[in-house]
Amino acid sequence: MNPLYEYQINQKLKKEQSQQSLQSSEPGSQSIEPPGTRKSMKSIPPADPDLEVGSMVEVMQNPPLYGVIRWVGSLPDQKEPTRPIAGLEMEEEISAGTDGTFKKIRYFSCPDKKGFFVPLYKCRKDKRFVDQHGRGALGNNFGSFETPDVHGNISPPDSLSESEIGTKICGKQKGIQGHHNSCYLDATLPKRLDDHQEYEEVINVLKEGIVNPLRCHFYVRADKVMKLRHLLDKLGNIPGMMSEEKDPEEFLSLLLGQITKADPFLQIKAENAEESQQSFLFQLFMEKDERLVLPTTQQLFELSFLQNRLKLQERPSCLIIQMPRFGKDFKMYKRIVPSVELDITDVLEKAPRECNICGDLACFECRECYNTHGDGLNTIAFCKPCKDRNHLHKLRARHQPQKICVPEEYLEYHSHQKSITGQNPSISRDKMELFAVVCIQTSHYVSFVKCGPGKDAPWVFFDSMADRMGEQSGYNIPEVQFCPDLNKWLSPEYNKEIIKREDDKDLPENIKRLLCDAYMCMYQYSDVAMFK
């Protein structure tokens with residue numbers, strides 16, 4: 001080749017590379033279009049006027065990138081200041097992503113490598129949530145099974161037989177279809193809003209788009225849940241509801257505390273505390289008891305209240321318990337058996353209790369006597385004569401029993417009944433019923449749900465992402481499975497069988513997930529729920 005010609009070619013290449021380098025520093029150029037293909041001002045289309053902060057969009061390229069608009073405005077030294085720039089929080093990390101900063105200036109906050117700045121005209125509405133007329137969030141990438149909204153008040157189905165459960169509820173395309181880290185919400189579904197219109201919008205999406213179709217058709221497509229996620233992301237104070245995986249407790253706190261503005265389920269008071277603490281769920285927190293080979297939620301619940309000196313101030317309509325673990329990985333106990341019934345009598349601040357020794361009305365409890373006269377908090381309650389005799393023993397002489405607060409009206413009732421019959425009237429126990437268990441394994445949430453009231457009601461297993469149709473542009477297939485033997489495995493009679501099978505692989509698959517991966521147990525007190 002002619003040396004002069006070769007030199008000219010090399011100089012031209014260097015000049016083009018230099019121009020490409022300059023253009024690559026512009027917002028959105030890293031992934032949107034090849035360097036050197038910049039359009040003229042006349043050929044640039046206008047931005048969609050409906051796009052705003054909170055809009056779900058896709059960046060027009062092949063393949064498209066998906067995200068949520070977090071910021072719209074102008075950037076310093078922008079060549080085209082009349083063209084607005086969009087700051088996006090992307091669904092997936094990208095190599096050119098930031099944490100919401102551009103040239104060391106912060107415009108919004110998001111996880112690292114998910115922040116992306118791009119001219120607004122290069123964004124369009126996310127086609128996964130828009131129909132052919134550009135309306136609503138119907139989506140085309142979630143399969144052909146549509147779930148239209150169901151208006152009105154739809155009651156839960158009555159108790160179903162095992163055959164009805166198998167034909168109506170179980171199978172593929174049943175339950176809630178999962179999409180993009182939604183399993184934490186799918187497995188859990190049953191900023192304070194001052195704008196009445198916004199509040200009503202969330203309630204309608206939850207009721208008519210999710211709950212009612214699930215009760216009528218036993219299936220809800222993923223776009224309905226994504227619409228709820230979009231509203232929670234827009235109106236709540238927890239960022240990343242559209243793109244990040246969250247914990248179920250974050251979702252519940254946002255939905256119950258901020259959106260529906262429900263009264264907290266729990267009123268918990270610590271000993272000597274002036275005020276009680278309110279909460280929607282209770283995290284089991286205690287020192288590990290090595291004597292518990294196969295603990296139950298009843299044992300851990302009582303142990304947590306005992307060690308932390310806590311009391312429930314009133315009977316809850318719903319009690320959500322988080323298992324004792326540190327993060328999603330470390331578990332305090334290898335296996336935990338969810339108790340089918342949870343007896344809360346001994347943790348209630350004002351509840352009549354029987355003396356552990358004579359059966360009379362208890363007036364004292366002694367925490368130091370725990371595990372002395374048997375298992376459970378019911379063994380630490382005493383009437384005054386039995387309390388005095390019990391603590392004459394030299395090993396218990398220094399114990400400090402505390403008075404039990406018995407309602408005045410019950411004291412009168414008890415005294416009256418005893419004077420008539422000459423016997424101690426029986427004292428009923430306050431028991432709550434297990435109705436759901438959320439489990440986690442390798443960052444994926446699934447759930448076990450009871451179909452109907454009563455200890456013998458059948459159970460089903462639900463996975464919102466059990467199978468998949470297609471690859472990147474495909475969709476998840478949810479599935480509900482019938483669990484005919486679950487009640488048997490949860491019964492106390494089967495504890496020895498569970499202990500005998502030391503290797504988790506020897507347990508049935510669903511039972512292994514229930515015992516080893518339980519993350520959250522949900523209990524209801526149906527009588528109280530009628531009034532709250």
# chains A, B, ... in the order shown; residues from 1 in each chain; ligands from 1

call {"tool": "residues_around", "arguments": {"residues": "A:Ser339", "least_positions_apart": "6", "cutoff": "7 Å", "atoms": "only C-alpha atoms", "output": "MDAnalysis selection string"}}
result
chainID A and resid 296:298

call {"tool": "write_last_selection", "arguments": {"atoms": "all heavy atoms", "output": "short mmCIF file (atom, residue, chain, number, x, y, z; two decimals), in the first residue's frame"}}
result
data_model
loop_
_atom_site.label_atom_id
_atom_site.label_comp_id
_atom_site.auth_asym_id
_atom_site.auth_seq_id
_atom_site.Cartn_x
_atom_site.Cartn_y
_atom_site.Cartn_z
N THR A 296 -41.05 -26.15 67.66
CA THR A 296 -42.30 -25.74 67.02
C THR A 296 -42.42 -24.22 67.13
O THR A 296 -41.75 -23.59 67.96
CB THR A 296 -43.52 -26.39 67.67
OG1 THR A 296 -43.62 -25.92 69.03
CG2 THR A 296 -43.38 -27.91 67.67
N THR A 297 -43.28 -23.63 66.32
CA THR A 297 -43.49 -22.19 66.43
C THR A 297 -44.09 -21.84 67.79
O THR A 297 -43.83 -20.75 68.31
CB THR A 297 -44.41 -21.68 65.31
OG1 THR A 297 -45.61 -22.46 65.28
CG2 THR A 297 -43.73 -21.76 63.97
N GLN A 298 -44.86 -22.75 68.39
CA GLN A 298 -45.40 -22.51 69.73
C GLN A 298 -44.27 -22.35 70.74
O GLN A 298 -44.26 -21.40 71.54
CB GLN A 298 -46.31 -23.67 70.16
CG GLN A 298 -46.90 -23.54 71.56
CD GLN A 298 -48.01 -22.51 71.64
OE1 GLN A 298 -48.96 -22.56 70.89
NE2 GLN A 298 -47.89 -21.56 72.55
#

call {"tool": "residues_around", "arguments": {"residues": "A:Lys334", "least_positions_apart": "6", "cutoff": "9 Å", "atoms": "only C-alpha atoms", "output": "PDB file with all heavy atoms, in the first residue's frame"}}
result
ATOM      1  N   LEU A 294     -36.295 -30.406  67.700  1.00  0.00           N
ATOM      2  CA  LEU A 294     -37.231 -30.099  66.622  1.00  0.00           C
ATOM      3  C   LEU A 294     -38.239 -29.087  67.163  1.00  0.00           C
ATOM      4  O   LEU A 294     -39.343 -29.446  67.572  1.00  0.00           O
ATOM      5  CB  LEU A 294     -37.936 -31.371  66.136  1.00  0.00           C
ATOM      6  CG  LEU A 294     -38.881 -31.195  64.940  1.00  0.00           C
ATOM      7  CD1 LEU A 294     -38.117 -30.766  63.694  1.00  0.00           C
ATOM      8  CD2 LEU A 294     -39.640 -32.503  64.665  1.00  0.00           C
ATOM      9  N   LEU A 515     -40.650 -27.396  56.425  1.00  0.00           N
ATOM     10  CA  LEU A 515     -39.928 -27.493  57.693  1.00  0.00           C
ATOM     11  C   LEU A 515     -38.596 -26.759  57.671  1.00  0.00           C
ATOM     12  O   LEU A 515     -38.180 -26.193  58.683  1.00  0.00           O
ATOM     13  CB  LEU A 515     -39.691 -28.961  58.047  1.00  0.00           C
ATOM     14  CG  LEU A 515     -40.929 -29.853  58.206  1.00  0.00           C
ATOM     15  CD1 LEU A 515     -40.509 -31.275  58.539  1.00  0.00           C
ATOM     16  CD2 LEU A 515     -41.857 -29.305  59.278  1.00  0.00           C
ATOM     17  N   CYS A 516     -37.914 -26.780  56.537  1.00  0.00           N
ATOM     18  CA  CYS A 516     -36.556 -26.235  56.460  1.00  0.00           C
ATOM     19  C   CYS A 516     -36.504 -24.782  55.993  1.00  0.00           C
ATOM     20  O   CYS A 516     -35.540 -24.074  56.307  1.00  0.00           O
ATOM     21  CB  CYS A 516     -35.689 -27.085  55.534  1.00  0.00           C
ATOM     22  SG  CYS A 516     -35.557 -28.820  56.022  1.00  0.00           S
ATOM     23  N   ASP A 517     -37.494 -24.346  55.224  1.00  0.00           N
ATOM     24  CA  ASP A 517     -37.416 -23.028  54.600  1.00  0.00           C
ATOM     25  C   ASP A 517     -38.488 -22.054  55.075  1.00  0.00           C
ATOM     26  O   ASP A 517     -38.674 -21.002  54.460  1.00  0.00           O
ATOM     27  CB  ASP A 517     -37.531 -23.169  53.068  1.00  0.00           C
ATOM     28  CG  ASP A 517     -36.441 -24.060  52.490  1.00  0.00           C
ATOM     29  OD1 ASP A 517     -35.330 -24.052  53.042  1.00  0.00           O
ATOM     30  OD2 ASP A 517     -36.707 -24.765  51.493  1.00  0.00           O
TER      31      ASP A 517
END

call {"tool": "closest_residue", "arguments": {"among": "A:Asn510, A:Ser426, A:Thr147, A:Ser55", "to": "A:Lys127", "atoms": "only C-alpha atoms"}}
result
A:Ser55

call {"tool": "residues_around", "arguments": {"residues": "A:Glu365", "least_positions_apart": "6", "cutoff": "12 Å", "atoms": "only C-alpha atoms", "output": "PyMOL selection string"}}
result
chain A and resi 306+346-347+349+352-356+377-384+386-388+390-391+399-406

call {"tool": "residues_around", "arguments": {"residues": "A:Val293", "least_positions_apart": "6", "cutoff": "10 Å", "atoms": "only C-alpha atoms", "output": "PyMOL selection string"}}
result
chain A and resi 333-336+499

call {"tool": "write_last_selection", "arguments": {"atoms": "N, CA, C and O atoms", "output": "PDB file, in the first residue's frame"}}
result
ATOM      1  N   TYR A 333     -32.410 -22.593  63.558  1.00  0.00           N
ATOM      2  CA  TYR A 333     -32.708 -24.017  63.689  1.00  0.00           C
ATOM      3  C   TYR A 333     -32.817 -24.638  62.297  1.00  0.00           C
ATOM      4  O   TYR A 333     -33.355 -24.028  61.371  1.00  0.00           O
ATOM      5  N   LYS A 334     -32.311 -25.852  62.175  1.00  0.00           N
ATOM      6  CA  LYS A 334     -32.324 -26.545  60.887  1.00  0.00           C
ATOM      7  C   LYS A 334     -33.746 -26.772  60.399  1.00  0.00           C
ATOM      8  O   LYS A 334     -34.045 -26.614  59.208  1.00  0.00           O
ATOM      9  N   ARG A 335     -34.622 -27.143  61.312  1.00  0.00           N
ATOM     10  CA  ARG A 335     -36.025 -27.389  60.984  1.00  0.00           C
ATOM     11  C   ARG A 335     -36.909 -26.769  62.056  1.00  0.00           C
ATOM     12  O   ARG A 335     -36.562 -26.777  63.238  1.00  0.00           O
ATOM     13  N   ILE A 336     -38.053 -26.251  61.624  1.00  0.00           N
ATOM     14  CA  ILE A 336     -39.050 -25.717  62.546  1.00  0.00           C
ATOM     15  C   ILE A 336     -40.409 -26.234  62.104  1.00  0.00           C
ATOM     16  O   ILE A 336     -40.764 -26.133  60.924  1.00  0.00           O
ATOM     17  N   ILE A 499     -37.672 -36.491  63.100  1.00  0.00           N
ATOM     18  CA  ILE A 499     -36.345 -36.559  63.726  1.00  0.00           C
ATOM     19  C   ILE A 499     -35.570 -37.758  63.202  1.00  0.00           C
ATOM     20  O   ILE A 499     -34.349 -37.687  62.983  1.00  0.00           O
TER      21      ILE A 499
END

call {"tool": "atom_distance", "arguments": {"atom1": "atom CA of A:Pro492", "atom2": "atom CA of A:Leu160"}}
result
25.5 Å

call {"tool": "residues_around", "arguments": {"residues": "A:Pro478", "least_positions_apart": "5", "cutoff": "9 Å", "atoms": "only C-alpha atoms", "output": "tab-separated table (two decimals) with N, CA, C and O atoms, in the first residue's frame"}}
result
chain	number	residue	atom	x	y	z
A	171	GLY	N	-53.22	-27.10	39.82
A	171	GLY	CA	-52.78	-27.24	38.44
A	171	GLY	C	-51.95	-26.06	37.98
A	171	GLY	O	-51.67	-25.12	38.73
A	172	LYS	N	-51.50	-26.13	36.70
A	172	LYS	CA	-50.75	-25.02	36.09
A	172	LYS	C	-51.70	-23.88	35.79
A	172	LYS	O	-52.90	-24.06	35.64
A	173	GLN	N	-51.15	-22.65	35.69
A	173	GLN	CA	-51.91	-21.43	35.46
A	173	GLN	C	-52.98	-21.24	36.55
A	173	GLN	O	-54.11	-20.85	36.28
A	174	LYS	N	-52.59	-21.53	37.79
A	174	LYS	CA	-53.45	-21.30	38.95
A	174	LYS	C	-52.68	-20.43	39.94
A	174	LYS	O	-51.46	-20.49	40.03
A	175	GLY	N	-53.41	-19.63	40.69
A	175	GLY	CA	-52.78	-18.74	41.65
A	175	GLY	C	-52.40	-17.42	40.99
A	175	GLY	O	-53.07	-16.96	40.07
A	176	ILE	N	-51.33	-16.80	41.46
A	176	ILE	CA	-50.88	-15.50	40.95
A	176	ILE	C	-49.64	-15.71	40.10
A	176	ILE	O	-48.65	-16.29	40.57
A	177	GLN	N	-49.67	-15.23	38.87
A	177	GLN	CA	-48.53	-15.38	37.97
A	177	GLN	C	-47.41	-14.43	38.40
A	177	GLN	O	-47.62	-13.25	38.62
A	178	GLY	N	-46.20	-14.97	38.52
A	178	GLY	CA	-45.06	-14.16	38.93
A	178	GLY	C	-44.39	-13.50	37.74
A	178	GLY	O	-44.47	-13.96	36.61
A	219	TYR	N	-57.06	-17.53	39.43
A	219	TYR	CA	-55.88	-17.17	38.66
A	219	TYR	C	-55.85	-15.65	38.47
A	219	TYR	O	-56.88	-15.02	38.23
A	462	PHE	N	-48.19	-23.29	46.69
A	462	PHE	CA	-48.27	-22.33	45.58
A	462	PHE	C	-46.89	-21.79	45.23
A	462	PHE	O	-46.13	-21.37	46.10
A	463	ASP	N	-46.58	-21.80	43.92
A	463	ASP	CA	-45.34	-21.23	43.39
A	463	ASP	C	-45.71	-20.38	42.18
A	463	ASP	O	-46.22	-20.89	41.18
A	464	SER	N	-45.49	-19.09	42.26
A	464	SER	CA	-45.88	-18.18	41.18
A	464	SER	C	-44.97	-18.30	39.96
A	464	SER	O	-45.29	-17.77	38.89
A	465	MET	N	-43.82	-18.96	40.11
A	465	MET	CA	-42.88	-19.11	39.00
A	465	MET	C	-42.45	-20.57	38.87
A	465	MET	O	-41.27	-20.89	38.72
A	466	ALA	N	-43.42	-21.47	38.93
A	466	ALA	CA	-43.12	-22.91	38.92
A	466	ALA	C	-42.52	-23.36	37.60
A	466	ALA	O	-41.69	-24.28	37.56
A	467	ASP	N	-42.93	-22.75	36.50
A	467	ASP	CA	-42.44	-23.14	35.17
A	467	ASP	C	-42.35	-21.88	34.32
A	467	ASP	O	-42.77	-20.80	34.75
A	468	ARG	N	-41.80	-22.03	33.12
A	468	ARG	CA	-41.64	-20.87	32.25
A	468	ARG	C	-41.89	-21.25	30.80
A	468	ARG	O	-41.49	-22.33	30.35

call {"tool": "select_by_dssp", "arguments": {"residues": "stretch 358-457 of chain A", "states": "helix (DSSP H, G or I)", "output": "JSON, numbers by chain"}}
result
{"A": [367, 368, 369, 377, 378, 379, 380, 384, 385, 386, 387, 388, 389, 390, 408, 409, 410, 411, 412, 413, 414, 415, 416, 417, 418, 419, 420, 421]}

call {"tool": "write_last_selection", "arguments": {"atoms": "N, CA, C and O atoms", "output": "short mmCIF file (atom, residue, chain, number, x, y, z; two decimals), in the first residue's frame"}}
result
data_model
loop_
_atom_site.label_atom_id
_atom_site.label_comp_id
_atom_site.auth_asym_id
_atom_site.auth_seq_id
_atom_site.Cartn_x
_atom_site.Cartn_y
_atom_site.Cartn_z
N ARG A 367 -41.02 -16.54 85.98
CA ARG A 367 -40.21 -16.84 84.80
C ARG A 367 -39.06 -17.79 85.12
O ARG A 367 -38.65 -18.60 84.28
N GLU A 368 -38.52 -17.68 86.34
CA GLU A 368 -37.39 -18.54 86.71
C GLU A 368 -37.80 -20.01 86.82
O GLU A 368 -36.93 -20.89 86.80
N CYS A 369 -39.11 -20.27 86.91
CA CYS A 369 -39.57 -21.66 87.01
C CYS A 369 -39.79 -22.30 85.64
O CYS A 369 -40.28 -23.43 85.55
N LEU A 377 -45.20 -22.07 78.76
CA LEU A 377 -45.44 -20.98 79.71
C LEU A 377 -46.59 -21.27 80.65
O LEU A 377 -46.72 -20.63 81.70
N ASN A 378 -47.46 -22.23 80.33
CA ASN A 378 -48.56 -22.56 81.24
C ASN A 378 -48.06 -23.17 82.54
O ASN A 378 -48.77 -23.20 83.55
N THR A 379 -46.80 -23.65 82.55
CA THR A 379 -46.26 -24.30 83.75
C THR A 379 -45.68 -23.30 84.75
O THR A 379 -45.23 -23.71 85.83
N ILE A 380 -45.68 -22.01 84.42
CA ILE A 380 -45.09 -21.03 85.35
C ILE A 380 -46.16 -20.21 86.05
O ILE A 380 -45.86 -19.24 86.74
N LYS A 384 -51.85 -18.27 94.74
CA LYS A 384 -50.98 -17.81 95.82
C LYS A 384 -50.51 -18.95 96.73
O LYS A 384 -49.31 -19.04 97.03
N PRO A 385 -51.40 -19.87 97.19
CA PRO A 385 -50.91 -20.95 98.06
C PRO A 385 -49.86 -21.83 97.37
O PRO A 385 -48.85 -22.19 97.97
N CYS A 386 -50.10 -22.18 96.11
CA CYS A 386 -49.14 -23.04 95.40
C CYS A 386 -47.84 -22.30 95.12
O CYS A 386 -46.75 -22.89 95.13
N LYS A 387 -47.94 -21.01 94.86
CA LYS A 387 -46.73 -20.20 94.64
C LYS A 387 -45.86 -20.20 95.89
O LYS A 387 -44.64 -20.38 95.83
N ASP A 388 -46.51 -20.03 97.06
CA ASP A 388 -45.75 -19.99 98.32
C ASP A 388 -45.09 -21.34 98.59
O ASP A 388 -43.91 -21.41 98.96
N ARG A 389 -45.86 -22.44 98.43
CA ARG A 389 -45.28 -23.78 98.69
C ARG A 389 -44.16 -24.11 97.70
O ARG A 389 -43.12 -24.66 98.07
N ASN A 390 -44.37 -23.78 96.47
CA ASN A 390 -43.39 -24.10 95.43
C ASN A 390 -42.06 -23.42 95.70
O ASN A 390 -40.98 -23.99 95.45
N GLU A 408 -61.05 -7.64 86.42
CA GLU A 408 -61.89 -7.58 87.60
C GLU A 408 -63.20 -8.34 87.38
O GLU A 408 -63.68 -9.05 88.28
N GLU A 409 -63.76 -8.24 86.17
CA GLU A 409 -65.04 -8.90 85.91
C GLU A 409 -64.89 -10.42 85.96
O GLU A 409 -65.82 -11.13 86.35
N TYR A 410 -63.69 -10.91 85.56
CA TYR A 410 -63.51 -12.36 85.61
C TYR A 410 -63.33 -12.83 87.05
O TYR A 410 -63.76 -13.92 87.42
N LEU A 411 -62.68 -12.03 87.89
CA LEU A 411 -62.53 -12.39 89.29
C LEU A 411 -63.90 -12.59 89.94
O LEU A 411 -64.12 -13.53 90.71
N GLU A 412 -64.84 -11.70 89.63
CA GLU A 412 -66.20 -11.80 90.18
C GLU A 412 -66.89 -13.06 89.65
O GLU A 412 -67.55 -13.79 90.40
N TYR A 413 -66.76 -13.32 88.34
CA TYR A 413 -67.37 -14.50 87.74
C TYR A 413 -66.81 -15.78 88.35
O TYR A 413 -67.56 -16.71 88.70
N HIS A 414 -65.51 -15.82 88.50
CA HIS A 414 -64.85 -17.02 89.04
C HIS A 414 -65.31 -17.29 90.47
O HIS A 414 -65.61 -18.45 90.83
N SER A 415 -65.35 -16.25 91.27
CA SER A 415 -65.76 -16.40 92.67
C SER A 415 -67.21 -16.87 92.76
O SER A 415 -67.55 -17.74 93.58
N HIS A 416 -68.06 -16.32 91.90
CA HIS A 416 -69.48 -16.68 91.91
C HIS A 416 -69.67 -18.15 91.51
O HIS A 416 -70.41 -18.89 92.18
N GLN A 417 -69.02 -18.57 90.44
CA GLN A 417 -69.16 -19.95 89.97
C GLN A 417 -68.63 -20.95 91.00
O GLN A 417 -69.21 -22.02 91.22
N LYS A 418 -67.53 -20.59 91.65
CA LYS A 418 -66.93 -21.49 92.63
C LYS A 418 -67.83 -21.63 93.86
O LYS A 418 -67.92 -22.71 94.45
N SER A 419 -68.52 -20.54 94.21
CA SER A 419 -69.41 -20.61 95.38
C SER A 419 -70.63 -21.47 95.09
O SER A 419 -71.21 -22.07 96.00
N ILE A 420 -71.04 -21.56 93.83
CA ILE A 420 -72.22 -22.34 93.46
C ILE A 420 -71.89 -23.83 93.35
O ILE A 420 -72.59 -24.69 93.89
N THR A 421 -70.79 -24.14 92.65
CA THR A 421 -70.46 -25.55 92.36
C THR A 421 -69.48 -26.15 93.35
O THR A 421 -69.37 -27.37 93.45
#

call {"tool": "atom_distance", "arguments": {"atom1": "atom CA of A:Arg315", "atom2": "atom CA of A:Tyr523"}}
result
12.0 Å

call {"tool": "atom_distance", "arguments": {"atom1": "atom CA of A:Arg215", "atom2": "atom CA of A:Pro156"}}
result
5.8 Å

call {"tool": "residues_around", "arguments": {"residues": "A:Gly87", "least_positions_apart": "4", "cutoff": "12 Å", "atoms": "only C-alpha atoms", "output": "VMD selection string"}}
result
chain A and resid 27 to 28 52 to 55 57 59 67 to 75 97 to 102 106 to 110 114 to 120 122 to 123

call {"tool": "select_by_dssp", "arguments": {"residues": "stretch 350-461 of chain A", "states": "strand (DSSP E)", "output": "list in words"}}
result
Phe364, Glu365, Ala381, Phe382, Gln402, Lys403, Lys431, Met432, Glu433, Leu434, Phe435, Ala436, Val437, Val438, Cys439, Ile440, Gln441, His444, Tyr445, Val446, Ser447, Phe448, Val449, Lys450, Trp459, Val460 and Phe461 of chain A

call {"tool": "write_last_selection", "arguments": {"atoms": "N, CA, C and O atoms", "output": "mmCIF file, in the first residue's frame"}}
result
data_model
loop_
_atom_site.group_PDB
_atom_site.id
_atom_site.type_symbol
_atom_site.label_atom_id
_atom_site.label_comp_id
_atom_site.auth_asym_id
_atom_site.auth_seq_id
_atom_site.Cartn_x
_atom_site.Cartn_y
_atom_site.Cartn_z
ATOM 1 N N PHE A 364 -50.116 -15.500 90.036
ATOM 2 C CA PHE A 364 -48.690 -15.194 89.896
ATOM 3 C C PHE A 364 -48.099 -16.034 88.768
ATOM 4 O O PHE A 364 -48.585 -17.122 88.449
ATOM 5 N N GLU A 365 -47.026 -15.505 88.175
ATOM 6 C CA GLU A 365 -46.207 -16.291 87.263
ATOM 7 C C GLU A 365 -44.746 -16.093 87.628
ATOM 8 O O GLU A 365 -44.344 -15.013 88.080
ATOM 9 N N ALA A 381 -47.451 -20.599 85.897
ATOM 10 C CA ALA A 381 -48.554 -19.871 86.532
ATOM 11 C C ALA A 381 -48.983 -20.587 87.818
ATOM 12 O O ALA A 381 -49.109 -21.810 87.843
ATOM 13 N N PHE A 382 -49.202 -19.801 88.888
ATOM 14 C CA PHE A 382 -49.538 -20.382 90.200
ATOM 15 C C PHE A 382 -50.602 -19.538 90.896
ATOM 16 O O PHE A 382 -50.647 -18.306 90.733
ATOM 17 N N GLN A 402 -44.053 -12.720 89.614
ATOM 18 C CA GLN A 402 -44.742 -11.466 89.312
ATOM 19 C C GLN A 402 -46.256 -11.696 89.335
ATOM 20 O O GLN A 402 -46.745 -12.776 88.997
ATOM 21 N N LYS A 403 -47.011 -10.673 89.718
ATOM 22 C CA LYS A 403 -48.459 -10.787 89.746
ATOM 23 C C LYS A 403 -49.029 -10.847 88.336
ATOM 24 O O LYS A 403 -48.547 -10.184 87.420
ATOM 25 N N LYS A 431 -56.606 -19.676 71.471
ATOM 26 C CA LYS A 431 -55.798 -20.344 70.452
ATOM 27 C C LYS A 431 -56.086 -19.748 69.082
ATOM 28 O O LYS A 431 -57.225 -19.511 68.717
ATOM 29 N N MET A 432 -55.010 -19.549 68.331
ATOM 30 C CA MET A 432 -55.112 -19.033 66.971
ATOM 31 C C MET A 432 -54.815 -20.150 65.980
ATOM 32 O O MET A 432 -54.125 -21.117 66.298
ATOM 33 N N GLU A 433 -55.335 -20.001 64.781
ATOM 34 C CA GLU A 433 -55.287 -21.068 63.780
ATOM 35 C C GLU A 433 -54.317 -20.717 62.658
ATOM 36 O O GLU A 433 -54.393 -19.630 62.076
ATOM 37 N N LEU A 434 -53.408 -21.633 62.348
ATOM 38 C CA LEU A 434 -52.466 -21.441 61.243
ATOM 39 C C LEU A 434 -53.222 -21.498 59.916
ATOM 40 O O LEU A 434 -53.994 -22.424 59.672
ATOM 41 N N PHE A 435 -53.001 -20.477 59.045
ATOM 42 C CA PHE A 435 -53.687 -20.511 57.746
ATOM 43 C C PHE A 435 -52.746 -20.329 56.557
ATOM 44 O O PHE A 435 -53.140 -20.538 55.411
ATOM 45 N N ALA A 436 -51.480 -19.955 56.789
ATOM 46 C CA ALA A 436 -50.545 -19.822 55.674
ATOM 47 C C ALA A 436 -49.110 -19.831 56.192
ATOM 48 O O ALA A 436 -48.838 -19.383 57.321
ATOM 49 N N VAL A 437 -48.205 -20.338 55.366
ATOM 50 C CA VAL A 437 -46.768 -20.331 55.662
ATOM 51 C C VAL A 437 -46.038 -19.877 54.402
ATOM 52 O O VAL A 437 -46.221 -20.455 53.326
ATOM 53 N N VAL A 438 -45.230 -18.827 54.532
ATOM 54 C CA VAL A 438 -44.394 -18.353 53.428
ATOM 55 C C VAL A 438 -42.991 -18.918 53.627
ATOM 56 O O VAL A 438 -42.427 -18.837 54.722
ATOM 57 N N CYS A 439 -42.437 -19.502 52.574
ATOM 58 C CA CYS A 439 -41.109 -20.118 52.645
ATOM 59 C C CYS A 439 -40.166 -19.435 51.654
ATOM 60 O O CYS A 439 -40.607 -18.872 50.647
ATOM 61 N N ILE A 440 -38.872 -19.506 51.928
ATOM 62 C CA ILE A 440 -37.880 -18.940 51.020
ATOM 63 C C ILE A 440 -36.753 -19.939 50.822
ATOM 64 O O ILE A 440 -36.297 -20.592 51.758
ATOM 65 N N GLN A 441 -36.317 -20.061 49.565
ATOM 66 C CA GLN A 441 -35.169 -20.893 49.226
ATOM 67 C C GLN A 441 -34.454 -20.227 48.061
ATOM 68 O O GLN A 441 -35.055 -19.967 47.022
ATOM 69 N N HIS A 444 -36.105 -17.203 46.507
ATOM 70 C CA HIS A 444 -37.395 -17.397 45.836
ATOM 71 C C HIS A 444 -38.443 -17.769 46.881
ATOM 72 O O HIS A 444 -38.267 -18.716 47.644
ATOM 73 N N TYR A 445 -39.536 -16.997 46.900
ATOM 74 C CA TYR A 445 -40.595 -17.209 47.886
ATOM 75 C C TYR A 445 -41.720 -18.060 47.312
ATOM 76 O O TYR A 445 -42.137 -17.868 46.167
ATOM 77 N N VAL A 446 -42.203 -18.981 48.120
ATOM 78 C CA VAL A 446 -43.371 -19.799 47.797
ATOM 79 C C VAL A 446 -44.245 -19.830 49.049
ATOM 80 O O VAL A 446 -43.863 -19.317 50.102
ATOM 81 N N SER A 447 -45.429 -20.433 48.953
ATOM 82 C CA SER A 447 -46.294 -20.437 50.131
ATOM 83 C C SER A 447 -47.150 -21.694 50.197
ATOM 84 O O SER A 447 -47.446 -22.325 49.176
ATOM 85 N N PHE A 448 -47.510 -22.046 51.429
ATOM 86 C CA PHE A 448 -48.490 -23.089 51.718
ATOM 87 C C PHE A 448 -49.731 -22.399 52.275
ATOM 88 O O PHE A 448 -49.623 -21.551 53.172
ATOM 89 N N VAL A 449 -50.908 -22.745 51.752
ATOM 90 C CA VAL A 449 -52.138 -22.062 52.136
ATOM 91 C C VAL A 449 -53.205 -23.098 52.485
ATOM 92 O O VAL A 449 -53.385 -24.082 51.760
ATOM 93 N N LYS A 450 -53.908 -22.855 53.590
ATOM 94 C CA LYS A 450 -54.968 -23.766 54.013
ATOM 95 C C LYS A 450 -56.291 -23.398 53.335
ATOM 96 O O LYS A 450 -56.635 -22.218 53.230
ATOM 97 N N TRP A 459 -54.566 -28.549 52.627
ATOM 98 C CA TRP A 459 -53.571 -27.530 52.288
ATOM 99 C C TRP A 459 -53.161 -27.647 50.823
ATOM 100 O O TRP A 459 -53.220 -28.721 50.229
ATOM 101 N N VAL A 460 -52.726 -26.499 50.264
ATOM 102 C CA VAL A 460 -52.150 -26.484 48.921
ATOM 103 C C VAL A 460 -50.804 -25.757 48.971
ATOM 104 O O VAL A 460 -50.541 -24.957 49.885
ATOM 105 N N PHE A 461 -49.976 -26.042 47.975
ATOM 106 C CA PHE A 461 -48.666 -25.405 47.822
ATOM 107 C C PHE A 461 -48.712 -24.517 46.590
ATOM 108 O O PHE A 461 -49.195 -24.922 45.533
#

call {"tool": "closest_residue", "arguments": {"among": "A:Lys288, A:Asp223, A:His217, A:Lys269", "to": "A:Lys331", "atoms": "only C-alpha atoms"}}
result
A:Lys288

call {"tool": "closest_residue", "arguments": {"among": "A:Ala96, A:Met469, A:Cys521, A:Ala362", "to": "A:Pro248", "atoms": "only C-alpha atoms"}}
result
A:Cys521
